[in-house]
Structures are given as structure tokens and as C-alpha cells.
Amino acid sequence: MKLYFSSLLLLVMLSSCQDDPKARALEQEKENQKREAIFNRLSSGWNFNSRPANDTSQYLTTVWPEWRIFLTELGQKPKSSIGAFQQKAKMLSKKALDLNNNIPVKFNLPEVRSRIALITTKINMINLYVNLNQIPDSKIVDLVKEINTDLAFLNGQFDEIKRKGDIKMEDGEADMIRMLDTTRAIPSSPEPKKIK
């Protein structure tokens with residue numbers, strides 16, 4: 001039994017000590033090919049619509065610096081490696097978060113903020129996925145397409161807000177809106193009587 005155990009231990013030690021450099025090189029080559037394929041798929045799918053879609057969005061690039069910087073950052077495509085995609089995703093996350101700063105007053109509405117929050121969330125998802133050990137490149141490409149759709153909706157929202165703002169109020173409409181404001185209403189509870 002001792003002999004069997006000793007020979008088994010010796011066999012395990014010899015097999016673990018023999019680390020075949022060819023096997024390691026082959027494994028490294030497979031890993032490099034896998035990373036190259038992921039890089040190629042990311043490179044072909046990383047196409048953001050960074051141009052302003054309408055006149056309102058174009059106008060906002062002049063008065064809202066965060067919007068201009070965000071669109072500029074979207075338009076720059078990483079070219080060298082997966083590490084460049086990781087850096088770009090990190091930068092896009094920061095710039096998307098900055099979009100909530102200094103929104104022009106006319107456009108600082110819940111519908112705009114919610115669309116910005118949606119875009120920020122999806123960009124943060126890209127940042128998460130691109131930094132995983134096993135990068136799900138198909139999910140990242142799908143998210144890029146979704147972000148492009150969300151950007152189109154945001155541009156449409158900007159245009160709708162501008163069109164609604166251009167409609168002139170009729171005579172007396174401002175007074176009627178002010179009267180409908182519940183914060184101006186007379187309090188319904190009577191003041192307590194003072195006892196002498």
C-alpha cells in the first residue's frame with residue numbers, strides 16, 4: 001500500500017512539474033484570437049449617431065456645453081485595442097452623467113431628464129460589459145443600437161418642446177392657468193378662533 005501511494009504521489013508530482021511550453025503557447029494563441037475577434041465585432045458595431053438630428057439639437061450644442069461634449073465623445077471611435085474601448089466606455093459614462101448639469105431651463109423637464117437617465121443607464125451597462133473578463137460583445141452592439149434609438153427620441157423631444165414653446169398663448173390663457181394652480185388656492189381649513 002505504501003509503495004502504491006508513493007508511486008501515485010511521484011506520478012502526480014512529475015505530471016504537475018511538466019508544464020508544456022507548446023501547450024501554453026497554443027492556449028495563449030487561442031486567447032489572442034478570441035480577443036481579436038471580440039475587438040473586430042466591437043469595432044464594427046461601435047457606431048453611435050453623434051450628429052444633432054434637428055435644428056433644436058444643433059442649437060443646444062451651442063448653449064449647452066455638456067451636450068456638445070457628450071456628442072463629440074460619442075463620435076470618437078476607439079481604434080487600437082479592447083483597452084481603448086474600456087477607456088472610451090469609462091469616459092462616456094462620465095460625460096453621460098454630466099448631461100444632467102446645466103440643462104437649459106426651457107428643456108429642464110421630467111421627460112428630458114428621464115430620457116437622459118435612460119441613455120446614462122445604457123452607457124453604464126456598456127461600461128460594465130466591456131470591463132468583464134468574458135466580454136459579451138453581442139450585448140454591447142445591441143446596446144449601441146438601443147442608445148442610437150434613445151438619442152433619436154431625445155432629439156425628437158427637444159424639437160417637440162421647442163415647437164410647443166413657439167405656440168403663442170391666447171388672451172386670458174395665462175390667467176386661466178394661474179387660476180388652475182392648486183398652490184394658490186385658499187386654504188380649506190379655517191383659522192382657529194382666538195379665546196380671550
# chains A, B, ... in the order shown; residues from 1 in each chain; ligands from 1
>>> residues_around(residues="Arg35 in chain A", least_positions_apart="3", cutoff="10 Å", atoms="only C-alpha atoms", output="ChimeraX atom specification")
/A:29-32,38-41,81-82,134-135
>>> residues_around(residues="Ser80 in chain A", least_positions_apart="2", cutoff="12 Å", atoms="only C-alpha atoms", output="PyMOL selection string")
chain A and resi 36+39-40+42-43+77-78+82-88
>>> select_by_dssp(residues="range 63-126 of chain A", states="helix (DSSP H, G or I)", output="MDAnalysis selection string")
chainID A and resid 63 65:75 82:98 105:107 110:126
>>> write_last_selection(atoms="C-alpha atoms", output="compact mmCIF listing (two decimals), in the first residue's frame")
# COMPACT_ATOMS: atom_id res chain seq x y z
CA VAL A 63 -25.77 76.79 -25.46
CA PRO A 65 -21.61 72.56 -23.37
CA GLU A 66 -22.25 69.18 -21.73
CA TRP A 67 -24.44 68.14 -24.67
CA ARG A 68 -21.80 69.23 -27.19
CA ILE A 69 -19.01 67.40 -25.30
CA PHE A 70 -21.15 64.26 -24.98
CA LEU A 71 -21.91 64.18 -28.72
CA THR A 72 -18.24 64.79 -29.53
CA GLU A 73 -17.22 61.94 -27.24
CA LEU A 74 -19.80 59.64 -28.86
CA GLY A 75 -18.41 60.44 -32.30
CA ILE A 82 -10.04 46.40 -26.22
CA GLY A 83 -8.35 48.59 -23.60
CA ALA A 84 -9.20 51.60 -25.76
CA PHE A 85 -12.86 50.52 -25.75
CA GLN A 86 -12.69 50.22 -21.96
CA GLN A 87 -11.28 53.74 -21.64
CA LYS A 88 -13.87 55.12 -24.07
CA ALA A 89 -16.73 53.45 -22.17
CA LYS A 90 -15.45 54.92 -18.90
CA MET A 91 -15.24 58.39 -20.45
CA LEU A 92 -18.73 58.08 -21.99
CA SER A 93 -20.13 57.14 -18.57
CA LYS A 94 -18.69 60.33 -17.09
CA LYS A 95 -19.93 62.51 -19.92
CA ALA A 96 -23.42 60.96 -19.83
CA LEU A 97 -23.61 61.64 -16.11
CA ASP A 98 -22.58 65.25 -16.74
CA VAL A 105 -34.23 75.99 -18.39
CA LYS A 106 -36.65 75.56 -21.27
CA PHE A 107 -35.56 71.93 -21.68
CA PRO A 110 -39.00 65.49 -16.47
CA GLU A 111 -39.39 63.97 -19.94
CA VAL A 112 -35.92 65.16 -20.96
CA ARG A 113 -34.36 64.10 -17.67
CA SER A 114 -35.89 60.62 -17.94
CA ARG A 115 -34.53 60.15 -21.48
CA ILE A 116 -31.10 61.31 -20.32
CA ALA A 117 -31.29 58.86 -17.39
CA LEU A 118 -32.13 56.03 -19.80
CA ILE A 119 -29.16 56.84 -22.04
CA THR A 120 -26.88 57.13 -18.99
CA THR A 121 -28.02 53.73 -17.73
CA LYS A 122 -27.35 52.04 -21.06
CA ILE A 123 -23.92 53.65 -21.39
CA ASN A 124 -23.10 52.46 -17.86
CA MET A 125 -24.15 48.96 -18.94
CA ILE A 126 -21.72 49.15 -21.85
>>> residues_around(residues="Asn102 in chain A", least_positions_apart="2", cutoff="8 Å", atoms="only C-alpha atoms", output="PDB file with N, CA and C atoms, in the first residue's frame")
ATOM      1  N   TRP A  64     -25.410  74.541 -24.573  1.00  0.00           N
ATOM      2  CA  TRP A  64     -25.302  73.518 -23.529  1.00  0.00           C
ATOM      3  C   TRP A  64     -23.997  72.747 -23.754  1.00  0.00           C
ATOM      4  N   GLU A  66     -22.275  70.602 -22.066  1.00  0.00           N
ATOM      5  CA  GLU A  66     -22.248  69.177 -21.727  1.00  0.00           C
ATOM      6  C   GLU A  66     -22.818  68.332 -22.868  1.00  0.00           C
ATOM      7  N   LEU A  99     -24.462  65.144 -18.298  1.00  0.00           N
ATOM      8  CA  LEU A  99     -25.569  65.730 -19.062  1.00  0.00           C
ATOM      9  C   LEU A  99     -26.628  66.348 -18.157  1.00  0.00           C
ATOM     10  N   ASN A 100     -26.746  65.880 -16.931  1.00  0.00           N
ATOM     11  CA  ASN A 100     -27.745  66.424 -16.007  1.00  0.00           C
ATOM     12  C   ASN A 100     -27.363  67.801 -15.487  1.00  0.00           C
ATOM     13  N   PRO A 104     -30.486  73.588 -20.190  1.00  0.00           N
ATOM     14  CA  PRO A 104     -31.176  74.872 -20.378  1.00  0.00           C
ATOM     15  C   PRO A 104     -32.580  74.819 -19.758  1.00  0.00           C
TER      16      PRO A 104
END
>>> residues_around(residues="Glu146 in chain A", least_positions_apart="5", cutoff="10 Å", atoms="only C-alpha atoms", output="list in words")
Phe48, Ile119, Lys122, Ile140, Val141, Leu151 and Ala152 of chain A
>>> atom_distance(atom1="CA of Asn108 in chain A", atom2="CA of Asp175 in chain A")
23.6 Å
>>> closest_residue(among="A:Gly165, A:Lys139, A:Glu160, A:Gly172", to="Trp46 in chain A", atoms="only C-alpha atoms")
A:Lys139
>>> atom_distance(atom1="CA of Asn47 in chain A", atom2="CA of Ile161 in chain A")
27.4 Å
>>> atom_distance(atom1="CA of Ile177 in chain A", atom2="CA of Ser57 in chain A")
29.1 Å
